[in-house]
>>> print(open('upload10.txt').read())   # compact mmCIF, N, CA, C and O atoms
# COMPACT_ATOMS: atom_id res chain seq x y z
N MET A 196 73.95 176.90 150.64
CA MET A 196 75.36 177.10 150.44
C MET A 196 75.58 178.08 149.29
O MET A 196 74.99 177.96 148.23
N VAL A 197 76.43 179.04 149.49
CA VAL A 197 76.72 180.05 148.48
C VAL A 197 78.05 179.71 147.81
O VAL A 197 79.07 179.53 148.48
N LEU A 198 78.02 179.60 146.49
CA LEU A 198 79.24 179.33 145.75
C LEU A 198 79.89 180.64 145.33
O LEU A 198 79.20 181.56 144.90
N THR A 199 81.20 180.70 145.46
CA THR A 199 81.94 181.87 145.01
C THR A 199 82.97 181.44 143.98
O THR A 199 83.47 180.31 144.01
N CYS A 200 83.31 182.34 143.10
CA CYS A 200 84.30 182.09 142.05
C CYS A 200 85.69 182.01 142.69
O CYS A 200 86.05 182.85 143.50
N ASP A 201 86.45 180.99 142.31
CA ASP A 201 87.79 180.81 142.86
C ASP A 201 88.80 181.81 142.29
O ASP A 201 89.89 181.95 142.83
N VAL A 202 88.44 182.52 141.22
CA VAL A 202 89.36 183.49 140.63
C VAL A 202 89.07 184.90 141.12
O VAL A 202 89.94 185.57 141.66
N CYS A 203 87.81 185.36 140.97
CA CYS A 203 87.49 186.75 141.31
C CYS A 203 86.78 186.91 142.65
O CYS A 203 86.69 188.01 143.17
N GLY A 204 86.24 185.83 143.21
CA GLY A 204 85.57 185.90 144.50
C GLY A 204 84.12 186.30 144.46
O GLY A 204 83.47 186.41 145.50
N ALA A 205 83.55 186.50 143.27
CA ALA A 205 82.15 186.91 143.14
C ALA A 205 81.22 185.74 143.45
O ALA A 205 81.58 184.58 143.26
N VAL A 206 80.03 186.06 143.94
CA VAL A 206 79.02 185.04 144.18
C VAL A 206 78.53 184.53 142.83
O VAL A 206 78.23 185.30 141.93
N ILE A 207 78.48 183.20 142.67
CA ILE A 207 78.08 182.60 141.39
C ILE A 207 76.58 182.49 141.34
O ILE A 207 75.95 181.85 142.19
N GLU A 208 75.99 183.14 140.32
CA GLU A 208 74.55 183.06 140.07
C GLU A 208 74.34 182.04 138.97
O GLU A 208 74.98 182.09 137.93
N GLY A 209 73.45 181.09 139.16
CA GLY A 209 73.21 180.07 138.15
C GLY A 209 74.20 178.92 138.28
O GLY A 209 74.75 178.66 139.35
N GLU A 210 74.44 178.26 137.16
CA GLU A 210 75.32 177.09 137.17
C GLU A 210 76.79 177.49 137.11
O GLU A 210 77.18 178.27 136.26
N PRO A 211 77.62 176.97 138.01
CA PRO A 211 79.05 177.28 137.96
C PRO A 211 79.73 176.49 136.85
O PRO A 211 79.22 175.49 136.37
N VAL A 212 80.88 176.96 136.45
CA VAL A 212 81.71 176.26 135.47
C VAL A 212 82.91 175.70 136.22
O VAL A 212 83.62 176.43 136.90
N ILE A 213 83.11 174.39 136.10
CA ILE A 213 84.21 173.74 136.79
C ILE A 213 85.29 173.42 135.77
O ILE A 213 85.03 172.78 134.76
N VAL A 214 86.50 173.91 136.02
CA VAL A 214 87.61 173.74 135.10
C VAL A 214 88.81 173.14 135.83
O VAL A 214 88.90 173.20 137.05
N GLU A 215 89.71 172.57 135.04
CA GLU A 215 90.97 172.06 135.57
C GLU A 215 92.10 172.84 134.93
O GLU A 215 92.20 172.93 133.71
N ILE A 216 92.92 173.47 135.77
CA ILE A 216 94.07 174.24 135.30
C ILE A 216 95.31 173.67 135.95
O ILE A 216 95.47 173.77 137.17
N ASP A 217 96.17 173.06 135.16
CA ASP A 217 97.41 172.46 135.66
C ASP A 217 97.19 171.56 136.87
O ASP A 217 97.92 171.61 137.85
N GLY A 218 96.14 170.74 136.84
CA GLY A 218 95.86 169.80 137.90
C GLY A 218 94.99 170.33 139.02
O GLY A 218 94.50 169.56 139.84
N ALA A 219 94.78 171.64 139.09
CA ALA A 219 93.92 172.23 140.12
C ALA A 219 92.50 172.36 139.58
O ALA A 219 92.29 172.85 138.48
N VAL A 220 91.51 171.90 140.34
CA VAL A 220 90.11 171.99 139.94
C VAL A 220 89.52 173.25 140.57
O VAL A 220 89.55 173.42 141.79
N LEU A 221 89.00 174.15 139.72
CA LEU A 221 88.47 175.43 140.18
C LEU A 221 87.02 175.60 139.76
O LEU A 221 86.60 175.11 138.72
N THR A 222 86.26 176.33 140.58
CA THR A 222 84.89 176.68 140.27
C THR A 222 84.88 178.14 139.84
O THR A 222 85.33 179.01 140.59
N LEU A 223 84.38 178.41 138.62
CA LEU A 223 84.42 179.75 138.07
C LEU A 223 83.02 180.30 137.80
O LEU A 223 82.09 179.54 137.52
N CYS A 224 82.92 181.63 137.84
CA CYS A 224 81.69 182.30 137.42
C CYS A 224 81.70 182.37 135.89
O CYS A 224 82.69 182.06 135.24
N GLN A 225 80.58 182.79 135.30
CA GLN A 225 80.46 182.86 133.84
C GLN A 225 81.50 183.81 133.24
O GLN A 225 82.09 183.51 132.20
N LYS A 226 81.72 184.94 133.88
CA LYS A 226 82.66 185.94 133.35
C LYS A 226 84.10 185.39 133.30
O LYS A 226 84.78 185.51 132.28
N CYS A 227 84.56 184.79 134.37
CA CYS A 227 85.91 184.23 134.40
C CYS A 227 86.02 183.03 133.48
O CYS A 227 87.06 182.81 132.87
N ALA A 228 84.96 182.24 133.37
CA ALA A 228 84.98 181.07 132.49
C ALA A 228 85.16 181.50 131.04
O ALA A 228 85.92 180.88 130.30
N ARG A 229 84.49 182.56 130.63
CA ARG A 229 84.65 183.05 129.25
C ARG A 229 86.08 183.51 129.01
O ARG A 229 86.62 183.36 127.93
N LYS A 230 86.69 184.09 130.03
CA LYS A 230 88.05 184.61 129.89
C LYS A 230 89.09 183.50 129.81
O LYS A 230 90.04 183.58 129.05
N TYR A 231 88.92 182.44 130.61
CA TYR A 231 89.98 181.43 130.74
C TYR A 231 89.78 180.17 129.92
O TYR A 231 90.71 179.39 129.80
N THR A 232 88.61 179.92 129.34
CA THR A 232 88.41 178.67 128.62
C THR A 232 89.18 178.62 127.31
O THR A 232 89.43 177.54 126.80
N GLY A 233 89.61 179.72 126.76
CA GLY A 233 90.38 179.71 125.53
C GLY A 233 91.88 179.59 125.73
O GLY A 233 92.63 179.51 124.77
N VAL A 234 92.33 179.56 126.96
CA VAL A 234 93.76 179.52 127.26
C VAL A 234 94.24 178.07 127.24
O VAL A 234 93.56 177.17 127.73
N LYS A 235 95.41 177.86 126.66
CA LYS A 235 96.00 176.51 126.59
C LYS A 235 96.23 175.97 128.00
O LYS A 235 96.71 176.67 128.88
N GLY A 236 95.88 174.72 128.22
CA GLY A 236 96.07 174.09 129.52
C GLY A 236 94.85 174.15 130.41
O GLY A 236 94.85 173.61 131.51
N VAL A 237 93.76 174.79 129.95
CA VAL A 237 92.54 174.89 130.73
C VAL A 237 91.52 173.92 130.13
O VAL A 237 91.20 173.99 128.96
N LYS A 238 91.03 173.00 130.96
CA LYS A 238 90.08 171.98 130.50
C LYS A 238 88.77 172.17 131.25
O LYS A 238 88.75 172.19 132.48
N VAL A 239 87.65 172.32 130.52
CA VAL A 239 86.34 172.47 131.14
C VAL A 239 85.84 171.08 131.53
O VAL A 239 85.71 170.20 130.69
N ILE A 240 85.57 170.89 132.81
CA ILE A 240 85.07 169.61 133.31
C ILE A 240 83.55 169.59 133.26
O ILE A 240 82.95 168.64 132.79
N LYS A 241 82.93 170.65 133.75
CA LYS A 241 81.47 170.73 133.78
C LYS A 241 81.06 172.19 133.66
O LYS A 241 81.65 173.05 134.30
N GLY A 242 80.06 172.44 132.85
CA GLY A 242 79.57 173.81 132.74
C GLY A 242 78.58 173.95 131.62
O GLY A 242 78.37 173.03 130.83
N PRO A 243 77.95 175.10 131.54
CA PRO A 243 76.97 175.35 130.49
C PRO A 243 77.60 175.29 129.10
O PRO A 243 78.75 175.65 128.91
N ALA A 244 76.82 174.85 128.14
CA ALA A 244 77.31 174.72 126.77
C ALA A 244 77.51 176.07 126.10
O ALA A 244 78.21 176.18 125.11
N GLN A 245 76.87 177.12 126.63
CA GLN A 245 76.97 178.43 125.97
C GLN A 245 78.28 179.15 126.23
O GLN A 245 78.52 180.21 125.69
N ILE A 246 79.16 178.58 127.04
CA ILE A 246 80.46 179.20 127.28
C ILE A 246 81.29 179.05 126.01
O ILE A 246 81.56 177.96 125.56
N GLN A 247 81.68 180.17 125.44
CA GLN A 247 82.54 180.16 124.27
C GLN A 247 83.74 181.02 124.57
O GLN A 247 83.61 182.11 125.11
N SER A 248 84.87 180.53 124.19
CA SER A 248 86.09 181.29 124.45
C SER A 248 86.19 182.45 123.47
O SER A 248 85.86 182.31 122.30
N PRO A 249 86.63 183.60 123.94
CA PRO A 249 86.83 184.72 123.04
C PRO A 249 88.00 184.45 122.11
O PRO A 249 88.96 183.79 122.49
N GLN A 250 87.91 184.96 120.93
CA GLN A 250 88.98 184.75 119.96
C GLN A 250 89.94 185.93 120.03
O GLN A 250 89.83 186.89 119.30
N LYS A 251 90.87 185.84 120.96
CA LYS A 251 91.87 186.88 121.15
C LYS A 251 93.24 186.33 120.80
O LYS A 251 93.51 185.15 121.00
N ALA A 252 94.08 187.19 120.32
CA ALA A 252 95.46 186.79 120.07
C ALA A 252 96.20 186.80 121.41
O ALA A 252 96.11 187.75 122.17
N VAL A 253 96.90 185.73 121.70
CA VAL A 253 97.61 185.61 122.97
C VAL A 253 99.09 185.45 122.67
O VAL A 253 99.49 184.63 121.85
N THR A 254 99.91 186.26 123.34
CA THR A 254 101.35 186.18 123.20
C THR A 254 101.93 185.61 124.49
O THR A 254 101.59 186.08 125.57
N VAL A 255 102.76 184.60 124.37
CA VAL A 255 103.39 183.99 125.53
C VAL A 255 104.87 184.38 125.52
O VAL A 255 105.56 184.17 124.54
N THR A 256 105.31 184.97 126.63
CA THR A 256 106.71 185.35 126.78
C THR A 256 107.33 184.50 127.88
O THR A 256 106.76 184.38 128.96
N LYS A 257 108.47 183.93 127.61
CA LYS A 257 109.15 183.06 128.57
C LYS A 257 110.35 183.80 129.16
O LYS A 257 111.17 184.33 128.43
N TYR A 258 110.39 183.87 130.49
CA TYR A 258 111.50 184.50 131.19
C TYR A 258 112.23 183.42 131.99
O TYR A 258 111.62 182.68 132.74
N GLU A 259 113.54 183.36 131.85
CA GLU A 259 114.33 182.40 132.61
C GLU A 259 115.31 183.15 133.50
O GLU A 259 115.91 184.13 133.08
N SER A 260 115.41 182.69 134.73
CA SER A 260 116.35 183.29 135.68
C SER A 260 116.94 182.19 136.54
O SER A 260 116.61 181.02 136.37
N ARG A 261 117.74 182.56 137.51
CA ARG A 261 118.32 181.57 138.41
C ARG A 261 117.26 180.91 139.28
O ARG A 261 117.42 179.79 139.71
N ARG A 262 116.17 181.61 139.53
CA ARG A 262 115.11 181.07 140.38
C ARG A 262 114.20 180.09 139.64
O ARG A 262 113.50 179.32 140.26
N GLY A 263 114.17 180.17 138.33
CA GLY A 263 113.31 179.27 137.57
C GLY A 263 112.77 179.95 136.33
O GLY A 263 113.22 181.02 135.93
N THR A 264 111.78 179.32 135.73
CA THR A 264 111.19 179.82 134.50
C THR A 264 109.82 180.41 134.80
O THR A 264 109.04 179.82 135.54
N THR A 265 109.54 181.56 134.22
CA THR A 265 108.25 182.23 134.38
C THR A 265 107.66 182.48 133.00
O THR A 265 108.38 182.83 132.07
N TYR A 266 106.35 182.28 132.89
CA TYR A 266 105.65 182.57 131.63
C TYR A 266 104.69 183.70 131.85
O TYR A 266 104.03 183.78 132.88
N ARG A 267 104.58 184.59 130.87
CA ARG A 267 103.67 185.71 130.96
C ARG A 267 102.77 185.68 129.74
O ARG A 267 103.23 185.63 128.61
N LEU A 268 101.45 185.70 129.99
CA LEU A 268 100.47 185.71 128.91
C LEU A 268 99.99 187.13 128.70
O LEU A 268 99.58 187.81 129.63
N ILE A 269 100.03 187.59 127.45
CA ILE A 269 99.54 188.91 127.10
C ILE A 269 98.47 188.72 126.05
O ILE A 269 98.73 188.20 124.97
N SER A 270 97.23 189.12 126.37
CA SER A 270 96.15 188.98 125.39
C SER A 270 95.90 190.32 124.72
O SER A 270 95.93 191.36 125.35
N ARG A 271 95.67 190.26 123.45
CA ARG A 271 95.40 191.46 122.66
C ARG A 271 93.95 191.44 122.24
O ARG A 271 93.43 190.42 121.82
N ARG A 272 93.30 192.57 122.32
CA ARG A 272 91.87 192.64 121.95
C ARG A 272 91.69 193.00 120.53
O ARG A 272 92.35 193.54 119.83
>>> encode(input="upload10.txt", output="structure tokens")
Amino acid sequence: MVLTCDVCGAVIEGEPVIVEIDGAVLTLCQKCARKYTGVKGVKVIKGPAQIQSPQKAVTVTKYESRRGTTYRLISRR
């Protein structure tokens, strides 16, 4: 069985990282796991211990309209 990343679609080599984002359980590759593990609301369920979140400044902008509320994350390098 070939595992693919639920975010980018790449074939996962080695151990996958399983995370929970807003109640959805996703299987991530190492690259996507590094990107998303530092974001608020993302919980690592199972994965290698070497995954460390990058220390980036993240700006959250909230947009409200008649259709509902939207949040936009902007990360700065």
>>> select_by_dssp(input="upload10.txt", residues="chain A", states="helix (DSSP H, G or I)", output="list in words")
Gln225, Lys226, Cys227, Ala228, Arg229, Lys230 and Tyr231 of chain A
>>> select_by_dssp(input="upload10.txt", residues="chain A", states="strand (DSSP E)", output="MDAnalysis selection string")
chainID A and resid 212:216 219:223 237:241 252:259 264:271
>>> residues_around(input="upload10.txt", residues="Glu210 in chain A", least_positions_apart="2", cutoff="8 Å", atoms="only C-alpha atoms", output="mmCIF file with N, CA, C and O atoms, keeping the file's coordinate frame")
data_model
loop_
_atom_site.group_PDB
_atom_site.id
_atom_site.type_symbol
_atom_site.label_atom_id
_atom_site.label_comp_id
_atom_site.auth_asym_id
_atom_site.auth_seq_id
_atom_site.Cartn_x
_atom_site.Cartn_y
_atom_site.Cartn_z
ATOM 1 N N ILE A 207 78.480 183.200 142.670
ATOM 2 C CA ILE A 207 78.080 182.600 141.390
ATOM 3 C C ILE A 207 76.580 182.490 141.340
ATOM 4 O O ILE A 207 75.950 181.850 142.190
ATOM 5 N N GLU A 208 75.990 183.140 140.320
ATOM 6 C CA GLU A 208 74.550 183.060 140.070
ATOM 7 C C GLU A 208 74.340 182.040 138.970
ATOM 8 O O GLU A 208 74.980 182.090 137.930
ATOM 9 N N VAL A 212 80.880 176.960 136.450
ATOM 10 C CA VAL A 212 81.710 176.260 135.470
ATOM 11 C C VAL A 212 82.910 175.700 136.220
ATOM 12 O O VAL A 212 83.620 176.430 136.900
ATOM 13 N N GLY A 242 80.060 172.440 132.850
ATOM 14 C CA GLY A 242 79.570 173.810 132.740
ATOM 15 C C GLY A 242 78.580 173.950 131.620
ATOM 16 O O GLY A 242 78.370 173.030 130.830
ATOM 17 N N PRO A 243 77.950 175.100 131.540
ATOM 18 C CA PRO A 243 76.970 175.350 130.490
ATOM 19 C C PRO A 243 77.600 175.290 129.100
ATOM 20 O O PRO A 243 78.750 175.650 128.910
#
>>> atom_distance(input="upload10.txt", atom1="atom C of Leu221 in chain A", atom2="atom O of Gly233 in chain A")
16.5 Å
>>> closest_residue(input="upload10.txt", among="A:Val197, A:Val237, A:Arg267, A:Lys257", to="Asp217 in chain A", atoms="only C-alpha atoms")
A:Val237
>>> atom_distance(input="upload10.txt", atom1="CA of Thr256 in chain A", atom2="atom N of Lys226 in chain A")
26.0 Å
>>> atom_distance(input="upload10.txt", atom1="CA of Cys203 in chain A", atom2="CA of Gln225 in chain A")
11.0 Å
>>> residues_around(input="upload10.txt", residues="Glu215 in chain A", least_positions_apart="6", cutoff="10 Å", atoms="only C-alpha atoms", output="list in words")
Leu221, Thr222, Thr232, Gly236, Val237, Lys238, Val239, Ile240 and Lys241 of chain A
>>> build_atoms(input="upload10.txt", residues="range 202-213 of chain A", atoms="all heavy atoms", output="short mmCIF file (atom, residue, chain, number, x, y, z; two decimals), keeping the file's coordinate frame")
data_model
loop_
_atom_site.label_atom_id
_atom_site.label_comp_id
_atom_site.auth_asym_id
_atom_site.auth_seq_id
_atom_site.Cartn_x
_atom_site.Cartn_y
_atom_site.Cartn_z
N VAL A 202 88.44 182.52 141.22
CA VAL A 202 89.36 183.49 140.63
C VAL A 202 89.07 184.90 141.12
O VAL A 202 89.94 185.57 141.66
CB VAL A 202 89.30 183.43 139.09
CG1 VAL A 202 90.14 184.53 138.47
CG2 VAL A 202 89.76 182.08 138.60
N CYS A 203 87.81 185.36 140.97
CA CYS A 203 87.49 186.75 141.31
C CYS A 203 86.78 186.91 142.65
O CYS A 203 86.69 188.01 143.17
CB CYS A 203 86.67 187.39 140.20
SG CYS A 203 84.99 186.75 140.05
N GLY A 204 86.24 185.83 143.21
CA GLY A 204 85.57 185.90 144.50
C GLY A 204 84.12 186.30 144.46
O GLY A 204 83.47 186.41 145.50
N ALA A 205 83.55 186.50 143.27
CA ALA A 205 82.15 186.91 143.14
C ALA A 205 81.22 185.74 143.45
O ALA A 205 81.58 184.58 143.26
CB ALA A 205 81.88 187.42 141.72
N VAL A 206 80.03 186.06 143.94
CA VAL A 206 79.02 185.04 144.18
C VAL A 206 78.53 184.53 142.83
O VAL A 206 78.23 185.30 141.93
CB VAL A 206 77.84 185.62 144.99
CG1 VAL A 206 76.73 184.60 145.14
CG2 VAL A 206 78.32 186.08 146.36
N ILE A 207 78.48 183.20 142.67
CA ILE A 207 78.08 182.60 141.39
C ILE A 207 76.58 182.49 141.34
O ILE A 207 75.95 181.85 142.19
CB ILE A 207 78.74 181.22 141.22
CG1 ILE A 207 80.26 181.36 141.18
CG2 ILE A 207 78.22 180.53 139.96
CD1 ILE A 207 81.01 180.06 141.11
N GLU A 208 75.99 183.14 140.32
CA GLU A 208 74.55 183.06 140.07
C GLU A 208 74.34 182.04 138.97
O GLU A 208 74.98 182.09 137.93
CB GLU A 208 74.03 184.43 139.61
CG GLU A 208 74.39 185.56 140.54
CD GLU A 208 73.24 185.94 141.44
OE1 GLU A 208 72.10 185.65 141.09
OE2 GLU A 208 73.52 186.52 142.49
N GLY A 209 73.45 181.09 139.16
CA GLY A 209 73.21 180.07 138.15
C GLY A 209 74.20 178.92 138.28
O GLY A 209 74.75 178.66 139.35
N GLU A 210 74.44 178.26 137.16
CA GLU A 210 75.32 177.09 137.17
C GLU A 210 76.79 177.49 137.11
O GLU A 210 77.18 178.27 136.26
CB GLU A 210 74.99 176.20 135.97
CG GLU A 210 75.74 174.89 135.95
CD GLU A 210 75.36 174.01 134.78
OE1 GLU A 210 74.47 174.38 134.01
OE2 GLU A 210 76.00 172.96 134.63
N PRO A 211 77.62 176.97 138.01
CA PRO A 211 79.05 177.28 137.96
C PRO A 211 79.73 176.49 136.85
O PRO A 211 79.22 175.49 136.37
CB PRO A 211 79.56 176.83 139.32
CG PRO A 211 78.64 175.73 139.71
CD PRO A 211 77.29 176.10 139.14
N VAL A 212 80.88 176.96 136.45
CA VAL A 212 81.71 176.26 135.47
C VAL A 212 82.91 175.70 136.22
O VAL A 212 83.62 176.43 136.90
CB VAL A 212 82.17 177.22 134.34
CG1 VAL A 212 83.04 176.49 133.35
CG2 VAL A 212 80.97 177.84 133.65
N ILE A 213 83.11 174.39 136.10
CA ILE A 213 84.21 173.74 136.79
C ILE A 213 85.29 173.42 135.77
O ILE A 213 85.03 172.78 134.76
CB ILE A 213 83.73 172.46 137.51
CG1 ILE A 213 82.65 172.85 138.51
CG2 ILE A 213 84.89 171.77 138.22
CD1 ILE A 213 81.94 171.68 139.15
#
